[in-house]
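For reference, target-v2.tsv is printed below; it contains TSV, C-alpha atoms and all ligand atoms.
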```
chain	number	residue	atom	x	y	z
K	7	MET	CA	35.64	-57.58	76.00
K	8	PRO	CA	38.55	-59.68	74.67
K	9	LEU	CA	38.50	-60.31	70.92
K	10	VAL	CA	38.27	-64.06	71.49
K	11	SER	CA	36.96	-65.64	74.67
K	12	GLU	CA	36.51	-69.29	75.62
K	13	SER	CA	34.15	-69.82	78.51
K	14	THR	CA	35.57	-71.12	81.77
K	15	HIS	CA	32.13	-71.45	83.40
K	16	PRO	CA	31.64	-74.89	84.99
K	17	LEU	CA	28.04	-75.11	83.75
K	18	VAL	CA	29.17	-74.40	80.19
K	19	LYS	CA	31.74	-77.17	80.45
K	20	GLN	CA	29.20	-79.60	81.94
K	21	LYS	CA	26.50	-78.82	79.38
K	22	LEU	CA	28.96	-78.96	76.47
K	23	ALA	CA	30.07	-82.44	77.56
K	24	MET	CA	26.43	-83.57	77.49
K	25	LEU	CA	25.89	-81.86	74.13
K	26	ARG	CA	28.89	-83.58	72.55
K	27	ALA	CA	27.87	-87.08	73.64
K	28	ALA	CA	26.79	-89.05	70.57
K	29	ASP	CA	23.83	-90.63	72.41
K	30	THR	CA	22.24	-87.33	73.54
K	31	PRO	CA	18.79	-87.28	71.91
K	32	PRO	CA	17.55	-84.25	69.92
K	33	SER	CA	15.07	-83.19	72.64
K	34	VAL	CA	17.87	-82.89	75.23
K	35	PHE	CA	20.26	-81.47	72.63
K	36	ARG	CA	17.84	-78.60	71.96
K	37	GLN	CA	17.45	-77.81	75.67
K	38	LEU	CA	21.23	-77.76	76.07
K	39	VAL	CA	21.72	-75.47	73.05
K	40	ARG	CA	19.17	-73.06	74.47
K	41	SER	CA	20.63	-72.90	77.97
K	42	LEU	CA	24.23	-72.71	76.72
K	43	ALA	CA	23.22	-69.77	74.55
K	44	THR	CA	21.75	-68.02	77.58
K	45	ILE	CA	24.88	-68.47	79.68
K	46	LEU	CA	27.19	-67.43	76.82
K	47	GLY	CA	24.80	-64.56	76.11
K	48	VAL	CA	25.49	-63.17	79.58
K	49	GLU	CA	29.20	-63.18	78.74
K	50	ALA	CA	28.61	-61.72	75.26
K	51	THR	CA	26.49	-58.83	76.56
K	52	ALA	CA	28.82	-57.80	79.37
K	53	SER	CA	29.71	-54.53	77.56
K	54	LEU	CA	26.25	-53.74	76.18
K	55	PRO	CA	25.77	-49.97	76.28
K	56	THR	CA	23.24	-48.70	78.80
K	57	ARG	CA	21.95	-45.31	79.89
K	58	PRO	CA	20.99	-44.31	83.41
K	59	THR	CA	17.37	-44.16	84.50
K	60	VAL	CA	15.42	-43.76	87.72
K	61	VAL	CA	12.55	-46.04	88.70
K	62	ARG	CA	9.94	-45.56	91.39
K	63	THR	CA	9.89	-48.44	93.92
K	64	PRO	CA	7.05	-48.74	96.46
K	65	LEU	CA	9.33	-46.78	98.82
K	66	GLY	CA	11.04	-44.17	96.66
K	67	ASP	CA	13.33	-43.60	93.71
K	68	ALA	CA	16.05	-46.10	92.74
K	69	PRO	CA	18.76	-45.61	90.14
K	70	GLY	CA	18.77	-48.13	87.30
K	71	VAL	CA	19.78	-48.50	83.69
K	72	GLU	CA	18.05	-49.26	80.42
K	73	LEU	CA	19.58	-50.62	77.22
K	74	ASP	CA	20.92	-47.80	75.07
K	75	GLY	CA	19.37	-48.71	71.73
K	76	PRO	CA	17.82	-51.81	70.19
K	77	VAL	CA	19.60	-55.15	70.13
K	78	ALA	CA	19.26	-57.66	67.27
K	79	ILE	CA	19.74	-61.40	67.63
K	80	VAL	CA	20.79	-62.89	64.29
K	81	PRO	CA	20.60	-66.69	64.04
K	82	ILE	CA	22.36	-68.28	61.07
K	83	LEU	CA	19.82	-70.85	59.86
K	84	ARG	CA	19.23	-73.38	60.57
K	85	ALA	CA	21.44	-74.53	63.46
K	86	GLY	CA	21.49	-71.03	64.99
K	87	LEU	CA	17.73	-71.13	65.62
K	88	GLY	CA	17.98	-72.92	68.95
K	89	MET	CA	20.52	-70.40	70.21
K	90	ALA	CA	18.20	-67.51	69.34
K	91	ASP	CA	15.65	-68.83	71.84
K	92	GLY	CA	18.29	-68.90	74.56
K	93	LEU	CA	19.26	-65.30	73.88
K	94	LEU	CA	15.62	-64.21	73.75
K	95	ASP	CA	15.25	-65.62	77.28
K	96	LEU	CA	17.89	-63.05	78.21
K	97	ILE	CA	16.75	-60.09	76.06
K	98	PRO	CA	13.03	-60.64	75.33
K	99	GLU	CA	12.70	-57.23	73.68
K	100	ALA	CA	15.41	-57.97	71.07
K	101	GLN	CA	14.64	-58.01	67.37
K	102	VAL	CA	15.35	-61.31	65.59
K	103	TRP	CA	16.81	-61.14	62.09
K	104	HIS	CA	17.20	-64.42	60.18
K	105	ILE	CA	20.02	-65.20	57.74
K	106	GLY	CA	19.90	-68.56	55.95
K	107	LEU	CA	23.23	-70.06	54.90
K	108	PHE	CA	24.17	-73.61	54.11
K	109	ARG	CA	27.66	-74.89	53.59
K	110	ASP	CA	28.38	-76.78	50.39
K	111	GLU	CA	29.69	-80.19	51.46
K	112	ALA	CA	32.33	-80.31	48.72
K	113	THR	CA	33.63	-76.74	48.58
K	114	LEU	CA	32.76	-75.82	52.22
K	115	LYS	CA	31.65	-72.41	50.90
K	116	PRO	CA	28.42	-70.86	52.26
K	117	THR	CA	25.40	-70.26	50.03
K	118	GLU	CA	22.84	-67.66	51.09
K	119	TYR	CA	19.23	-68.83	50.70
K	120	TYR	CA	17.31	-66.56	53.08
K	121	ASN	CA	17.65	-63.04	54.41
K	122	LYS	CA	15.01	-61.41	56.61
K	123	LEU	CA	16.63	-58.24	57.82
K	124	PRO	CA	14.36	-55.24	58.44
K	125	SER	CA	14.24	-52.60	55.69
K	126	ARG	CA	16.12	-50.27	58.05
K	127	CYS	CA	18.58	-52.03	60.34
K	128	GLN	CA	18.53	-49.77	63.34
K	129	ALA	CA	20.02	-52.02	65.99
K	130	ARG	CA	22.80	-50.55	68.06
K	131	CYS	CA	24.40	-53.98	68.13
K	132	ALA	CA	23.76	-57.45	66.74
K	133	LEU	CA	24.54	-60.78	68.36
K	134	VAL	CA	25.21	-63.29	65.58
K	135	VAL	CA	24.56	-66.83	66.78
K	136	ASP	CA	25.56	-70.19	65.31
K	137	PRO	CA	26.59	-73.26	67.33
K	138	MET	CA	29.59	-74.06	65.09
K	139	LEU	CA	32.44	-71.86	63.84
K	140	ALA	CA	34.29	-74.30	61.57
K	141	THR	CA	36.09	-72.84	58.52
K	142	GLY	CA	34.54	-69.46	59.39
K	143	GLY	CA	33.01	-68.99	55.93
K	144	SER	CA	29.42	-68.78	57.20
K	145	ALA	CA	30.29	-66.44	60.07
K	146	VAL	CA	32.23	-64.07	57.81
K	147	ARG	CA	29.39	-64.00	55.26
K	148	ALA	CA	26.77	-63.25	57.94
K	149	CYS	CA	28.91	-60.49	59.45
K	150	GLU	CA	29.51	-58.97	55.99
K	151	ILE	CA	25.74	-58.87	55.36
K	152	LEU	CA	25.18	-57.10	58.66
K	153	ARG	CA	28.06	-54.68	58.14
K	154	ASN	CA	26.72	-53.79	54.70
K	155	SER	CA	23.36	-53.11	56.33
K	156	GLY	CA	24.95	-50.55	58.64
K	157	VAL	CA	24.92	-52.32	62.00
K	158	PRO	CA	27.68	-50.60	63.99
K	159	SER	CA	28.58	-53.30	66.48
K	160	LEU	CA	28.64	-57.08	66.02
K	161	THR	CA	29.44	-59.94	68.40
K	162	PHE	CA	29.67	-63.57	67.27
K	163	VAL	CA	28.49	-66.20	69.76
K	164	CYS	CA	29.11	-69.91	69.16
K	165	LEU	CA	29.15	-73.08	71.20
K	166	ILE	CA	32.25	-74.67	69.63
K	167	ALA	CA	34.92	-73.02	67.50
K	168	ALA	CA	37.84	-74.39	65.50
K	169	PRO	CA	41.12	-72.43	65.56
K	170	GLU	CA	40.86	-72.15	61.76
K	171	GLY	CA	37.45	-70.46	62.00
K	172	ILE	CA	38.60	-68.06	64.68
K	173	ALA	CA	41.60	-67.07	62.56
K	174	ARG	CA	39.41	-66.49	59.51
K	175	LEU	CA	36.71	-64.46	61.28
K	176	SER	CA	39.23	-62.39	63.26
K	177	GLY	CA	41.23	-61.76	60.09
K	178	ALA	CA	38.20	-60.58	58.13
K	179	MET	CA	36.47	-58.74	61.00
K	180	PRO	CA	39.11	-57.74	63.55
K	181	ASP	CA	36.61	-55.70	65.58
K	182	VAL	CA	34.04	-58.50	66.04
K	183	PRO	CA	34.44	-60.22	69.41
K	184	ILE	CA	34.04	-64.01	69.35
K	185	VAL	CA	32.45	-65.60	72.40
K	186	ALA	CA	32.87	-69.39	72.32
K	187	GLY	CA	31.81	-72.10	74.73
K	188	ALA	CA	34.90	-74.11	73.75
K	189	ILE	CA	37.75	-73.90	71.27
K	190	ASP	CA	38.45	-77.36	69.89
K	191	GLU	CA	41.57	-78.93	68.46
K	192	ARG	CA	41.21	-78.63	64.67
K	193	LEU	CA	39.14	-79.20	61.56
K	194	THR	CA	38.99	-82.63	59.94
K	195	ASP	CA	39.82	-82.99	56.25
K	196	ILE	CA	36.10	-82.73	55.45
K	197	GLY	CA	35.70	-79.52	57.44
K	198	PHE	CA	34.14	-80.85	60.64
K	199	ILE	CA	35.28	-79.61	64.03
K	200	TYR	CA	37.26	-82.27	65.92
K	201	PRO	CA	36.24	-83.55	68.42
K	202	GLY	CA	33.21	-81.24	68.07
K	203	LEU	CA	29.73	-82.70	68.22
K	204	GLY	CA	28.96	-83.68	64.63
K	205	ASP	CA	26.38	-81.77	62.59
K	206	ALA	CA	24.68	-79.29	64.91
K	207	GLY	CA	21.65	-78.79	62.64
K	208	ASP	CA	21.01	-82.49	62.15
K	209	ARG	CA	21.39	-83.20	65.86
K	210	GLN	CA	18.93	-80.43	66.83
K	211	PHE	CA	16.31	-81.26	64.26
K	212	ALA	CA	16.74	-85.08	63.99
K	213	THR	CA	17.61	-85.01	60.30
K	214	GLY	CA	20.86	-86.98	60.44
K	301	LIG	O1	32.32	-72.25	59.59
K	301	LIG	P1	31.74	-72.99	58.42
K	301	LIG	O2	32.73	-73.86	57.73
K	301	LIG	O3	31.02	-72.08	57.48
K	301	LIG	O4	30.70	-74.04	59.00
K	301	LIG	C1	29.79	-73.71	59.99
K	301	LIG	C2	28.40	-73.75	59.46
K	301	LIG	O5	28.01	-75.10	59.16
K	301	LIG	C3	26.80	-75.41	59.87
K	301	LIG	O6	25.68	-75.09	59.10
K	301	LIG	P2	25.21	-76.02	57.88
K	301	LIG	O7	25.82	-75.55	56.61
K	301	LIG	O8	25.41	-77.45	58.24
K	301	LIG	O9	23.67	-75.68	57.78
K	301	LIG	P3	22.48	-76.08	58.77
K	301	LIG	O10	22.55	-75.12	59.90
K	301	LIG	O11	21.28	-75.93	57.94
K	301	LIG	O12	22.69	-77.50	59.22
K	301	LIG	C4	26.90	-74.53	61.08
K	301	LIG	O13	25.68	-74.37	61.74
K	301	LIG	C5	27.45	-73.25	60.52
K	301	LIG	O14	26.49	-72.39	59.96
K	302	LIG	O1	31.63	-79.74	62.92
K	302	LIG	C1	30.81	-79.07	62.26
K	302	LIG	C2	31.19	-78.19	61.25
K	302	LIG	C3	30.25	-77.47	60.58
K	302	LIG	N1	28.95	-77.63	60.91
K	302	LIG	C4	28.56	-78.48	61.89
K	302	LIG	O2	27.36	-78.60	62.18
K	302	LIG	N2	29.50	-79.19	62.54
K	303	MG	MG	24.28	-78.63	59.31
```

Could you render the structure from this file as structure tokens?
Amino acid sequence: MPLVSESTHPLVKQKLAMLRAADTPPSVFRQLVRSLATILGVEATASLPTRPTVVRTPLGDAPGVELDGPVAIVPILRAGLGMADGLLDLIPEAQVWHIGLFRDEATLKPTEYYNKLPSRCQARCALVVDPMLATGGSAVRACEILRNSGVPSLTFVCLIAAPEGIARLSGAMPDVPIVAGAIDERLTDIGFIYPGLGDAGDRQFATG
């Protein structure tokens, strides 16, 4: 998997255009976040380790595979919650570990307010999900928490990334692939992704 990928899938582009539109209501926004996460999840799990197995069909034996070890989906609260549902559609047996971070509006630094990792983090790999990779501070913090908990393989999945956030996350975690729906132009002077979609949490949960 490339270190940074920007989706070229036509459905991702179509759904992102709908998601960005300022008049898209929260109910539709949530559905779009969920289905975008599923499509990007397919791309993000393309190298997931598997082991061979054999299953009995009504006619005989067929070769197959099963996932080689547990997978964790890690939404960064709160905007990552809607993406977790989309990835669970893809991997229903995954564990879900919640990390709560909010970004200080003035300093743009993340503050951790919730952490519900299992006492023993035994996932073979974790898919960290957050719709927005802006300065990269939240993504780096979440990946550090998971690294310190011993998760061997991390992948970061977002809907929209800023070049600044990609540079920061890749600099801090050069072995964490970033799967993005789109890479936008830049950050604004108040740390929003331009053109972006505004505040992903507020738009999902109608708190704007
Ligand atoms: O890359 P960064 O500069 O860290 O910014 C990105 C973060 O900002 C948003 O969360 P926010 O702090 O708005 O919290 P919320 O999910 O509760 O709305 C977003 O969902 C990311 O977590
Ligand atoms: O553009 C941005 C940047 C950070 N968080 C958001 O929700 N949107
Ligand atoms: Mg927010």

*For CA of Phe211 in chain K and CA of Met89 in chain K, the interatomic separation in Å (one decimal)*: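 These two atoms are separated by 13.1 Å.
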
*For ligand LIG 301 (chain K), list the contacting residues at 7 Å or closer, counting only C-alpha atoms and all ligand atoms, as a ChimeraX atom specification.*
/K:82-86,107-110,114-116,136-145,171,197,205-208

*Have a look at K:Leu87, K:Ala132, K:Leu38, K:Val71 and name the one nearest to ligand MG 303 (chain K); count only C-alpha atoms and all ligand atoms.*
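Smallest separation from ligand MG 303 (chain K) among the options: K:Leu87.
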
*Interatomic distance (Å, one decimal) between CA of Val135 in chain K and CA of Glu72 in chain K*: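 Pair CA of Val135 in chain K / CA of Glu72 in chain K returns 23.2 Å.
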
_Counting only C-alpha atoms, which residue out of K:Gly204, K:Gly66, K:Gly88, K:Pro81 sits closest to Thr161 in chain K?_
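Looking only at the distances to Thr161 in chain K, the closest residue turns out to be K:Pro81.
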